[in-house]
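Q: Provided below: my_file04.txt, containing compact mmCIF, C-alpha atoms.
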```
# COMPACT_ATOMS: atom_id res chain seq x y z
CA MET A 1 0.00 0.00 0.00
CA THR A 2 1.24 3.45 -0.92
CA ASN A 3 0.46 6.56 1.05
CA PRO A 4 -2.18 8.75 -0.56
CA THR A 5 -1.21 12.18 -1.83
CA PRO A 6 -1.88 14.69 0.96
CA SER A 7 -4.67 17.20 0.61
CA GLN A 8 -4.03 20.93 0.32
CA THR A 9 -6.40 23.87 0.46
CA VAL A 10 -8.26 24.95 -2.67
CA GLY A 11 -7.16 28.50 -1.77
CA PRO A 12 -9.04 31.67 -2.64
CA PHE A 13 -8.33 31.74 -6.38
CA PHE A 14 -10.42 29.09 -8.09
CA ALA A 15 -13.58 30.85 -9.22
CA ARG A 16 -12.69 31.18 -12.87
CA GLU A 17 -11.09 27.78 -13.04
CA LEU A 18 -13.39 25.33 -11.34
CA ILE A 19 -16.87 26.76 -11.72
CA TRP A 20 -19.04 25.23 -14.41
CA SER A 21 -21.64 27.26 -16.22
CA ASP A 22 -24.97 25.97 -14.86
CA GLY A 23 -23.07 23.95 -12.24
CA GLY A 24 -25.91 24.72 -9.84
CA THR A 25 -28.41 22.83 -12.01
CA VAL A 26 -28.09 19.09 -11.43
CA LEU A 27 -29.01 16.89 -14.40
CA PHE A 28 -30.67 13.48 -14.39
CA PRO A 29 -31.83 11.22 -17.21
CA GLY A 30 -35.28 10.77 -15.64
CA GLN A 31 -37.98 13.00 -14.29
CA GLY A 32 -38.54 14.34 -10.81
CA GLU A 33 -39.98 17.41 -9.19
CA ARG A 34 -37.36 20.13 -9.29
CA ILE A 35 -36.47 21.71 -5.98
CA THR A 36 -33.81 24.14 -4.77
CA LEU A 37 -31.47 23.40 -1.89
CA LYS A 38 -30.04 26.64 -0.61
CA GLY A 39 -28.37 28.09 2.43
CA ARG A 40 -25.25 29.71 3.78
CA VAL A 41 -21.82 28.49 4.81
CA VAL A 42 -20.54 30.31 7.89
CA ASP A 43 -17.37 30.09 9.98
CA GLY A 44 -16.72 29.79 13.70
CA ALA A 45 -17.57 33.47 14.23
CA GLY A 46 -20.79 33.17 12.23
CA ALA A 47 -19.24 35.17 9.38
CA PRO A 48 -20.04 34.13 5.80
CA VAL A 49 -17.56 31.88 4.04
CA VAL A 50 -17.51 33.79 0.78
CA ASP A 51 -15.03 31.65 -1.11
CA ALA A 52 -16.13 28.04 -0.68
CA LEU A 53 -16.44 25.49 -3.46
CA PHE A 54 -19.65 23.55 -2.74
CA GLU A 55 -20.17 20.20 -4.49
CA THR A 56 -23.10 17.80 -4.36
CA TRP A 57 -23.56 14.19 -5.51
CA GLN A 58 -26.85 12.37 -5.30
CA ALA A 59 -29.21 9.68 -6.52
CA ASP A 60 -32.15 10.51 -8.77
CA ALA A 61 -35.76 10.85 -7.63
CA SER A 62 -36.23 7.07 -7.63
CA GLY A 63 -33.07 6.41 -5.63
CA LYS A 64 -31.13 5.16 -8.64
CA LEU A 65 -27.41 6.02 -8.61
CA PRO A 66 -26.43 8.22 -11.53
CA SER A 67 -24.26 6.89 -14.32
CA GLY A 68 -23.23 8.60 -17.50
CA GLY A 69 -24.09 12.12 -18.45
CA GLU A 70 -25.68 14.41 -20.94
CA GLY A 71 -23.85 16.60 -23.43
CA ASP A 72 -20.71 17.52 -21.58
CA ARG A 73 -22.00 17.15 -18.03
CA PRO A 74 -22.15 14.16 -15.67
CA TYR A 75 -25.49 13.27 -14.16
CA GLY A 76 -26.08 13.81 -10.46
CA TYR A 77 -23.27 16.28 -9.73
CA GLY A 78 -23.63 19.90 -8.67
CA ARG A 79 -20.86 22.44 -8.23
CA VAL A 80 -21.11 26.09 -7.22
CA SER A 81 -19.12 28.65 -5.28
CA THR A 82 -20.55 30.54 -2.35
CA ASP A 83 -21.39 34.23 -2.85
CA ALA A 84 -20.59 37.37 -0.87
CA ASP A 85 -23.12 36.30 1.76
CA GLY A 86 -21.75 32.75 2.01
CA GLY A 87 -24.80 31.61 0.06
CA TYR A 88 -25.10 28.64 -2.27
CA ALA A 89 -28.03 27.27 -4.26
CA ILE A 90 -28.40 23.90 -5.99
CA GLU A 91 -31.38 23.25 -8.24
CA THR A 92 -32.06 19.52 -8.34
CA VAL A 93 -34.59 16.81 -7.41
CA VAL A 94 -35.31 15.26 -4.03
CA PRO A 95 -33.31 12.02 -4.17
CA GLY A 96 -35.06 8.76 -3.44
CA ALA A 97 -33.94 6.44 -0.67
CA PHE A 98 -31.51 3.71 -1.69
CA LYS A 99 -30.12 0.49 -0.26
CA SER A 100 -26.64 -0.91 0.18
CA GLN A 101 -25.78 -4.46 -0.88
CA GLY A 102 -25.93 -5.38 2.77
CA GLY A 103 -29.55 -4.24 2.87
CA GLU A 104 -29.11 -0.99 4.81
CA THR A 105 -31.52 1.75 3.77
CA TYR A 106 -30.16 5.22 3.14
CA ALA A 107 -32.73 7.97 3.69
CA PRO A 108 -33.13 10.64 0.98
CA GLN A 109 -29.79 12.46 1.11
CA ILE A 110 -27.23 14.39 -0.86
CA SER A 111 -23.51 13.86 -0.31
CA VAL A 112 -21.77 17.22 0.07
CA THR A 113 -18.10 18.19 -0.19
CA ILE A 114 -16.96 21.71 0.73
CA PHE A 115 -13.54 23.10 -0.13
CA ALA A 116 -12.35 26.55 0.96
CA ARG A 117 -9.40 28.70 1.83
CA GLY A 118 -8.58 27.74 5.42
CA LEU A 119 -9.73 24.16 4.89
CA LEU A 120 -6.52 22.19 4.43
CA LYS A 121 -8.71 19.25 3.46
CA ALA A 122 -12.30 19.24 2.32
CA VAL A 123 -15.15 18.73 4.74
CA GLN A 124 -17.63 16.08 3.68
CA THR A 125 -21.08 15.28 4.96
CA ARG A 126 -24.58 14.23 3.90
CA VAL A 127 -27.62 16.47 4.00
CA PHE A 128 -31.01 14.82 4.53
CA LEU A 129 -34.08 15.97 2.64
CA ALA A 130 -36.44 14.32 5.09
CA PRO A 131 -37.49 15.10 8.64
CA LEU A 132 -35.78 13.66 11.71
CA GLU A 133 -38.43 10.99 12.34
CA ALA A 134 -37.98 9.67 8.79
CA ILE A 135 -34.22 9.19 8.96
CA LYS A 136 -33.74 7.43 12.29
CA ASP A 137 -32.64 4.19 10.62
CA ASP A 138 -30.22 5.83 8.24
CA PRO A 139 -26.64 4.57 8.81
CA LEU A 140 -25.25 8.07 9.41
CA ALA A 141 -28.09 9.13 11.70
CA ARG A 142 -27.47 5.98 13.76
CA ALA A 143 -23.73 6.64 13.86
CA ILE A 144 -24.34 10.17 15.15
CA GLY A 145 -27.02 9.27 17.68
CA ASP A 146 -27.61 12.68 19.28
CA PRO A 147 -30.72 14.22 17.64
CA GLU A 148 -29.35 17.73 18.13
CA ARG A 149 -26.31 16.88 16.07
CA ILE A 150 -28.36 15.01 13.46
CA ARG A 151 -30.45 18.17 13.04
CA THR A 152 -27.37 20.00 11.71
CA LEU A 153 -27.72 17.80 8.62
CA ILE A 154 -31.44 18.19 7.97
CA ALA A 155 -32.61 20.54 5.25
CA THR A 156 -35.93 22.07 6.24
CA ARG A 157 -38.69 22.54 3.74
CA ASP A 158 -39.82 26.13 3.48
CA PRO A 159 -43.46 26.25 4.73
CA ALA A 160 -44.29 28.97 2.21
CA ASN A 161 -42.56 27.27 -0.72
CA PRO A 162 -42.56 23.46 -0.84
CA ARG A 163 -39.99 23.53 -3.63
CA LEU A 164 -37.39 25.15 -1.40
CA TYR A 165 -35.19 23.34 1.12
CA ARG A 166 -32.94 25.36 3.39
CA TRP A 167 -29.72 24.11 4.89
CA ASP A 168 -27.07 26.25 6.55
CA VAL A 169 -23.62 24.85 7.25
CA ARG A 170 -21.60 26.06 10.19
CA LEU A 171 -17.99 24.92 9.87
CA ARG A 172 -17.02 25.43 13.49
CA GLY A 173 -18.50 26.30 16.89
CA ALA A 174 -22.07 26.32 18.19
CA GLY A 175 -24.31 24.40 15.80
CA GLU A 176 -21.30 23.05 13.91
CA ALA A 177 -22.43 20.63 11.21
CA VAL A 178 -21.49 16.98 11.57
CA PHE A 179 -18.70 16.16 9.15
CA ILE A 180 -17.81 12.64 8.18
CA GLU A 181 -14.85 10.51 7.27
CA ILE A 182 -15.83 7.99 4.62
CA MET B 183 -10.49 -0.98 8.76
CA ALA B 184 -8.54 1.72 10.55
CA GLY B 185 -5.67 -0.66 11.26
CA THR B 186 -5.07 -1.41 7.59
CA ARG B 187 -4.88 2.17 6.43
CA PRO B 188 -1.52 3.74 5.61
CA ALA B 189 -0.15 6.52 7.80
CA ASP B 190 -2.33 9.61 7.78
CA VAL B 191 -0.40 12.01 5.61
CA HIS B 192 -3.19 14.55 5.35
CA PRO B 193 -2.89 17.87 7.20
CA PRO B 194 -5.07 18.51 10.24
CA TYR B 195 -8.01 20.87 9.89
CA LEU B 196 -6.67 23.21 12.56
CA TYR B 197 -3.14 24.44 11.87
CA PRO B 198 -2.87 27.80 13.64
CA ASP B 199 0.21 28.93 11.66
CA TYR B 200 -2.17 29.07 8.68
CA ASN B 201 -4.43 31.77 10.07
CA SER B 202 -7.52 30.99 8.03
CA THR B 203 -7.85 27.55 9.63
CA ARG B 204 -8.64 29.08 13.04
CA LEU B 205 -12.22 29.97 12.24
CA ARG B 206 -12.89 27.43 9.52
CA ALA B 207 -11.54 24.16 10.95
CA PRO B 208 -14.27 21.95 12.41
CA ALA B 209 -13.78 21.54 16.16
CA GLN B 210 -15.75 18.31 16.54
CA PRO B 211 -14.21 14.98 15.58
CA LEU B 212 -15.30 13.52 12.25
CA VAL B 213 -17.91 10.78 12.35
CA ARG B 214 -16.48 7.77 10.59
CA VAL B 215 -18.93 5.86 8.39
CA ALA B 216 -18.55 3.48 5.48
CA PRO B 217 -18.99 5.11 2.08
CA SER B 218 -22.59 4.83 0.97
CA PRO B 219 -23.24 3.03 -2.34
CA LEU B 220 -23.56 6.52 -3.79
CA GLU B 221 -20.14 7.54 -2.48
CA ALA B 222 -18.57 4.32 -3.73
CA ALA B 223 -19.65 5.41 -7.20
CA GLY B 224 -18.81 8.72 -8.79
CA PRO B 225 -19.69 11.11 -11.56
CA ALA B 226 -18.89 9.96 -15.09
CA PHE B 227 -17.48 12.80 -17.14
CA PRO B 228 -18.50 12.45 -20.77
CA LYS B 229 -15.63 12.63 -23.26
CA ALA B 230 -17.05 15.93 -24.47
CA PHE B 231 -16.41 17.42 -21.04
CA VAL B 232 -12.72 17.79 -21.86
CA LYS B 233 -11.33 19.23 -25.07
CA GLU B 234 -7.88 18.06 -26.08
CA SER B 235 -6.70 21.69 -26.26
CA GLU B 236 -7.44 22.16 -22.56
CA ALA B 237 -4.34 20.12 -21.67
CA ASP B 238 -2.14 22.91 -23.05
CA LEU B 239 -2.32 26.12 -21.03
CA THR B 240 0.18 27.87 -23.31
CA THR B 241 -1.95 28.09 -26.46
CA TRP B 242 -4.90 30.00 -25.09
CA GLY B 243 -3.78 33.48 -26.16
CA THR B 244 -2.67 35.02 -29.40
CA SER B 245 0.99 34.37 -28.62
CA ALA B 246 3.04 32.40 -26.12
CA PRO B 247 2.71 33.30 -22.42
CA LEU B 248 5.69 34.69 -20.53
CA GLY B 249 7.70 32.34 -18.37
CA GLU B 250 9.54 29.08 -18.31
CA LYS B 251 7.60 26.55 -20.38
CA MET B 252 7.14 23.16 -18.75
CA VAL B 253 5.47 19.81 -19.30
CA LEU B 254 3.83 18.17 -16.30
CA VAL B 255 3.34 14.42 -16.56
CA GLY B 256 2.26 11.87 -14.02
CA ARG B 257 0.05 8.94 -13.19
CA VAL B 258 -3.01 8.82 -11.02
CA LEU B 259 -3.00 5.60 -9.03
CA ASP B 260 -4.93 4.17 -6.12
CA GLU B 261 -3.26 3.05 -2.91
CA GLY B 262 -2.87 -0.44 -4.33
CA GLY B 263 -0.90 0.93 -7.29
CA ARG B 264 -3.71 0.43 -9.80
CA PRO B 265 -4.21 3.13 -12.44
CA VAL B 266 -7.19 5.42 -11.98
CA ARG B 267 -8.47 5.46 -15.54
CA ARG B 268 -10.39 8.11 -17.48
CA SER B 269 -10.71 10.35 -14.46
CA LEU B 270 -10.83 14.12 -14.48
CA VAL B 271 -7.74 16.11 -13.51
CA GLU B 272 -8.19 19.88 -13.29
CA VAL B 273 -5.20 22.20 -12.91
CA TRP B 274 -5.01 25.89 -12.17
CA GLN B 275 -2.17 28.19 -11.23
CA ALA B 276 -0.71 31.69 -11.11
CA ASN B 277 1.15 33.01 -14.12
CA ALA B 278 4.94 33.28 -14.29
CA SER B 279 4.79 36.53 -12.30
CA GLY B 280 2.81 34.97 -9.48
CA ARG B 281 -0.53 36.54 -10.39
CA TYR B 282 -3.94 34.91 -10.81
CA PRO B 283 -6.52 36.43 -13.16
CA HIS B 284 -8.94 36.55 -10.23
CA PRO B 285 -10.80 39.63 -9.01
CA VAL B 286 -9.60 39.25 -5.40
CA ASP B 287 -5.94 38.77 -6.34
CA ASN B 288 -4.52 42.26 -5.77
CA HIS B 289 -0.86 41.28 -5.92
CA ASP B 290 0.98 44.02 -7.78
CA ALA B 291 2.39 41.77 -10.48
CA PRO B 292 1.39 41.85 -14.14
CA LEU B 293 -1.39 39.80 -15.62
CA ASP B 294 -0.42 37.98 -18.79
CA PRO B 295 -2.99 38.40 -21.56
CA ASN B 296 -1.79 35.11 -23.03
CA PHE B 297 -2.17 33.04 -19.89
CA LEU B 298 -5.35 32.07 -18.06
CA GLY B 299 -3.76 29.40 -15.88
CA LYS B 300 -6.56 26.87 -16.25
CA GLY B 301 -6.60 23.42 -17.81
CA GLN B 302 -8.10 19.97 -17.57
CA VAL B 303 -7.44 16.49 -18.87
CA LEU B 304 -8.78 12.96 -18.51
CA THR B 305 -6.33 10.22 -17.49
CA ASP B 306 -5.73 7.49 -20.05
CA ASP B 307 -6.05 3.73 -19.57
CA GLU B 308 -2.76 3.65 -17.65
CA GLY B 309 -3.85 6.51 -15.39
CA ARG B 310 -1.46 8.92 -17.11
CA TYR B 311 -1.98 12.62 -17.65
CA ARG B 312 0.08 15.29 -19.42
CA VAL B 313 -0.28 19.05 -19.19
CA VAL B 314 1.76 21.78 -20.90
CA THR B 315 2.09 25.06 -19.01
CA VAL B 316 4.59 27.61 -17.68
CA LYS B 317 6.19 27.47 -14.27
CA PRO B 318 4.09 29.60 -11.91
CA GLY B 319 5.72 32.37 -9.90
CA ALA B 320 5.84 32.68 -6.13
CA TYR B 321 3.66 35.42 -4.65
CA PRO B 322 3.26 37.25 -1.33
CA TRP B 323 0.20 36.75 0.86
CA GLN B 324 -1.12 38.22 4.08
CA ASN B 325 -0.71 35.29 6.47
CA HIS B 326 2.31 36.70 8.33
CA ALA B 327 5.14 39.17 7.78
CA PHE B 328 7.12 38.43 4.60
CA ALA B 329 4.87 35.50 3.79
CA TRP B 330 5.34 34.18 0.24
CA ARG B 331 3.68 31.12 -1.23
CA PRO B 332 6.18 28.82 -2.95
CA ALA B 333 5.48 28.23 -6.64
CA HIS B 334 2.70 25.68 -6.91
CA ILE B 335 0.16 24.18 -9.28
CA HIS B 336 -3.29 23.35 -7.91
CA LEU B 337 -4.73 19.97 -8.89
CA SER B 338 -8.30 18.77 -8.49
CA LEU B 339 -9.04 15.06 -8.90
CA PHE B 340 -12.29 13.16 -9.10
CA GLY B 341 -10.86 9.63 -9.28
CA ASN B 342 -13.41 6.96 -10.13
CA ALA B 343 -15.44 7.32 -6.94
CA TYR B 344 -16.82 10.23 -4.96
CA ALA B 345 -14.88 8.95 -1.92
CA GLN B 346 -11.63 9.55 -3.87
CA ARG B 347 -12.24 13.27 -4.42
CA LEU B 348 -9.07 15.27 -3.73
CA ILE B 349 -7.76 18.79 -4.17
CA THR B 350 -4.06 19.33 -3.61
CA GLN B 351 -1.07 21.45 -4.63
CA MET B 352 2.13 20.42 -6.38
CA PHE B 353 5.40 22.11 -5.49
CA PHE B 354 8.81 22.29 -7.17
CA PRO B 355 11.97 20.53 -5.96
CA GLY B 356 14.53 22.60 -4.07
CA ASP B 357 12.26 25.58 -3.42
CA PRO B 358 13.55 27.45 -0.32
CA LEU B 359 10.07 28.89 0.30
CA LEU B 360 8.73 25.45 1.25
CA ALA B 361 10.38 25.84 4.65
CA ILE B 362 8.35 28.95 5.48
CA ASP B 363 5.01 27.97 3.92
CA PRO B 364 2.47 26.97 6.59
CA ILE B 365 0.18 25.37 4.00
CA PHE B 366 2.93 22.98 2.89
CA GLN B 367 4.26 22.59 6.45
CA SER B 368 0.78 21.62 7.69
CA VAL B 369 1.32 18.22 6.07
CA PRO B 370 2.86 15.64 8.43
CA GLU B 371 6.52 15.11 7.63
CA ALA B 372 5.89 11.68 6.06
CA GLY B 373 3.63 13.27 3.48
CA ARG B 374 5.56 16.35 2.41
CA ARG B 375 7.77 14.61 -0.14
CA LEU B 376 4.58 13.41 -1.86
CA LEU B 377 3.70 17.00 -2.78
CA ILE B 378 6.97 17.76 -4.58
CA ALA B 379 7.36 17.03 -8.28
CA ASP B 380 10.50 15.44 -9.71
CA LEU B 381 12.48 16.99 -12.51
CA ASP B 382 11.90 14.64 -15.47
CA LEU B 383 13.90 15.98 -18.39
CA GLU B 384 12.95 13.20 -20.78
CA HIS B 385 9.30 14.17 -20.62
CA GLY B 386 10.13 17.76 -21.46
CA VAL B 387 10.58 18.99 -25.00
CA GLU B 388 14.21 19.32 -26.08
CA GLY B 389 15.15 22.97 -26.38
CA VAL B 390 11.61 24.09 -25.52
CA ALA B 391 10.20 22.94 -22.17
CA LEU B 392 11.38 21.41 -18.91
CA GLY B 393 9.68 18.20 -17.82
CA TYR B 394 8.35 17.51 -14.35
CA ARG B 395 6.70 14.38 -12.99
CA PHE B 396 4.02 14.36 -10.33
CA ASP B 397 2.29 11.09 -9.53
CA ILE B 398 -0.87 11.21 -7.47
CA VAL B 399 -2.22 8.49 -5.22
CA LEU B 400 -5.92 8.43 -4.35
CA ARG B 401 -7.64 6.22 -1.82
CA GLY B 402 -8.10 2.73 -3.13
CA PRO B 403 -9.95 -0.51 -2.62
CA GLY B 404 -8.00 -1.29 0.56
CA ALA B 405 -9.04 1.99 2.12
CA THR B 406 -12.66 1.12 2.61
CA PRO B 407 -14.70 -1.92 3.44
CA MET B 408 -16.91 -1.13 0.46
CA GLY B 409 -14.30 -1.93 -2.16
CA VAL B 410 -14.34 1.52 -3.66
```
What does this structure look like when you write it as structure tokens?
A:
Amino acid sequence: MTNPTPSQTVGPFFARELIWSDGGTVLFPGQGERITLKGRVVDGAGAPVVDALFETWQADASGKLPSGGEGDRPYGYGRVSTDADGGYAIETVVPGAFKSQGGETYAPQISVTIFARGLLKAVQTRVFLAPLEAIKDDPLARAIGDPERIRTLIATRDPANPRLYRWDVRLRGAGEAVFIEI
Amino acid sequence: MAGTRPADVHPPYLYPDYNSTRLRAPAQPLVRVAPSPLEAAGPAFPKAFVKESEADLTTWGTSAPLGEKMVLVGRVLDEGGRPVRRSLVEVWQANASGRYPHPVDNHDAPLDPNFLGKGQVLTDDEGRYRVVTVKPGAYPWQNHAFAWRPAHIHLSLFGNAYAQRLITQMFFPGDPLLAIDPIFQSVPEAGRRLLIADLDLEHGVEGVALGYRFDIVLRGPGATPMGV
């Protein structure tokens, strides 16, 4: 076994290099009600993280894992940078639940990777598009245990707009999101 | 599987000498979970995603960019030494003067109208990639007094699985600025050598460009119980 190449920060200067046009619109071969996942990334002082690279990877509305792509874009992948308010927005579908080969059920979720200046390695997590009571058997929810910490990973549906899910990510401090090592 | 993993060569989140980590590093320990079936798979970049011309950063303008022309070659492998095939490698960098064409880069060094500093390539069936560029310049930054980043090329890798996703930086051999760079120094000693390219003259172009080799190792099947 060889050691992996160490991670280094993405730094502040990637906006023109890594951002795809329409990277905030996630493509799938099938249908599904389009929704927007949006929120803010903030640091340990609650200040906006204005220069994060925010990437998402998810199953389609039926829970099928994406393969292939369309035109010059892969299915299932979103990529945006945060704005001057730390905000991001991903237009996509609510993913379906899916199962592992071992039979574990994964609740509707989007895998998220965040890179930024000041992050020497990316933070990774999973955001749930389902309420707490619906994800109790999910492998990550079980690994976390504490409902207060699980709540840091739940996107809440906007009562005034059912097509909008809100999820804020605090990198450090009170309300810090749960980050995972996979 | 913790016992079978190689030494952790990744930097910590919190490395106070690199000021920006102080408010951005998570304070809670990571929750370790097996990759989900989703994370054991990864995005498939259609061939059309990458144009052949994007592997040459020196032909973007109307004439050649300033600086020392170089060819960067390498292989992308997993921890078991297997090639990571047809995977996306993105590169970006400062120009030869140490300036990025980015609105927040206010370093008082000239932009080069013939250099954007951005390229991408898919690895071949042996995991190989090849990029033509110019050697980036060092540049000052605000981290501490007299702070200068050593010359570096940023690389972004997707591997063949989401769990392999990596962004890193490649440095040049013999650079005295490595000793004072907290971003490089944040890497545990066992990992630092892995971030430095080797001079590889034979992969350069005689009389035209210096060659450098930088191999990249991503997590592999042994790293996870899922067989990523």
Q: Tell me the residues of chain A close to chain B, meaning within 7 Å using all atoms listed in the file, as a PyMOL selection string.
A: chain A and resi 1-10+13+17+43-45+58+65+67-69+71-75+77+100+117-121+140+171-173+179-182
Q: Of the residues A:Val49, A:Ile150, A:Ile90, A:Val80, which is the one nearest to Arg16 of chain A, using only C-alpha atoms?
A: A:Val80
Q: May I have the residues within 8 Å of Asp238 of chain B as a compact mmCIF listing (two decimals) with C-alpha atoms, keeping the file's coordinate frame, using only C-alpha atoms and disregarding those fewer than 5 positions away in the same chain?
A:
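After the write, part.txt holds the following:
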```txt
# COMPACT_ATOMS: atom_id res chain seq x y z
CA GLY B 301 -6.60 23.42 -17.81
CA VAL B 313 -0.28 19.05 -19.19
CA VAL B 314 1.76 21.78 -20.90
CA THR B 315 2.09 25.06 -19.01
```
Q: Which is closer to Leu37 of chain A than all the others in A:Gly24, A:Pro131, A:Gly175, A:Pro139, using all atoms listed in the file?
A: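 Closest candidate: A:Gly24.
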Q: Please write as a list of chain:residue names the list of polymer residues whose atoms come within 9 Å of (-32.3, 29.0, 2.4), counting only C-alpha atoms and keeping to the coordinates of the file.
A: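 It turns out the residues near that spot are A:Thr36, A:Leu37, A:Lys38, A:Gly39, A:Arg40, A:Gly87, A:Tyr88, A:Ala89, A:Ala155, A:Thr156, A:Asp158, A:Leu164, A:Tyr165, A:Arg166, A:Trp167, A:Asp168.
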Q: Quick one: everything within 6 Å of Asp306 of chain B, counting all atoms listed in the file, minus sequence neighbours fewer than 2 positions away in the same chain. Send it as a PyMOL selection string.
A: chain B and resi 267-268+308-310
Q: Please give the centre and size of the box around segment 201-211 of chain B (axis-aligned, containing every atom listed in the file, 5 Å added per side), with values in Å to one decimal and written as lines of an AutoDock Vina configuration file.
A:
```
center_x = -10.1
center_y = 23.4
center_z = 12.3
size_x = 21.3
size_y = 26.8
size_z = 18.5
```
Q: Provide the atom CA of Leu18 of chain A to atom CA of Asp294 of chain B distance in Å, to one decimal place.
A: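 For atom CA of Leu18 of chain A relative to atom CA of Asp294 of chain B, the distance reads 19.6 Å.
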Q: Can you tell me how far atom CA of Val123 of chain A sits from atom CA of Ala47 of chain A, in Å to one decimal?
A: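 Answer for the atom CA of Val123 of chain A to atom CA of Ala47 of chain A separation: 17.6 Å.
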Q: Check the smallest atom-to-atom distance from each of B:Leu293, B:Ala237, B:Leu359, B:Leu392 to Val316 of chain B using all atoms listed in the file, then report the winner.
A: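 Of the candidates, the smallest distance to Val316 of chain B is held by B:Leu392.
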Q: What is the distance between atom CA of Glu148 of chain A and atom CA of Pro48 of chain A, in Å to one decimal?
A: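 That distance, rounded to one decimal, is 22.5 Å.
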Q: Residues at most 8 Å from segment 111-116 of chain A, counting only C-alpha atoms, excluding those fewer than 4 positions away in the same chain, as a ChimeraX atom specification?
A: /A:9-12,51-58,121-127 /B:221
Q: Can you pull out the residues contacting segment 326-330 of chain B? Cut-off 8 Å, using all atoms listed in the file, and skip same-chain residues under 6 positions away; I want them as a list in words.
A: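 The filter keeps Ala320, Leu359, Ile362 and Asp363 of chain B.
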Q: Output C-alpha atoms for every residue in that selection, as a PDB file, in the coordinates of the input.
A:
```
ATOM      1  CA  ALA B 320       5.840  32.680  -6.130  1.00  0.00           C
ATOM      2  CA  LEU B 359      10.070  28.890   0.300  1.00  0.00           C
ATOM      3  CA  ILE B 362       8.350  28.950   5.480  1.00  0.00           C
ATOM      4  CA  ASP B 363       5.010  27.970   3.920  1.00  0.00           C
TER       5      ASP B 363
END
```
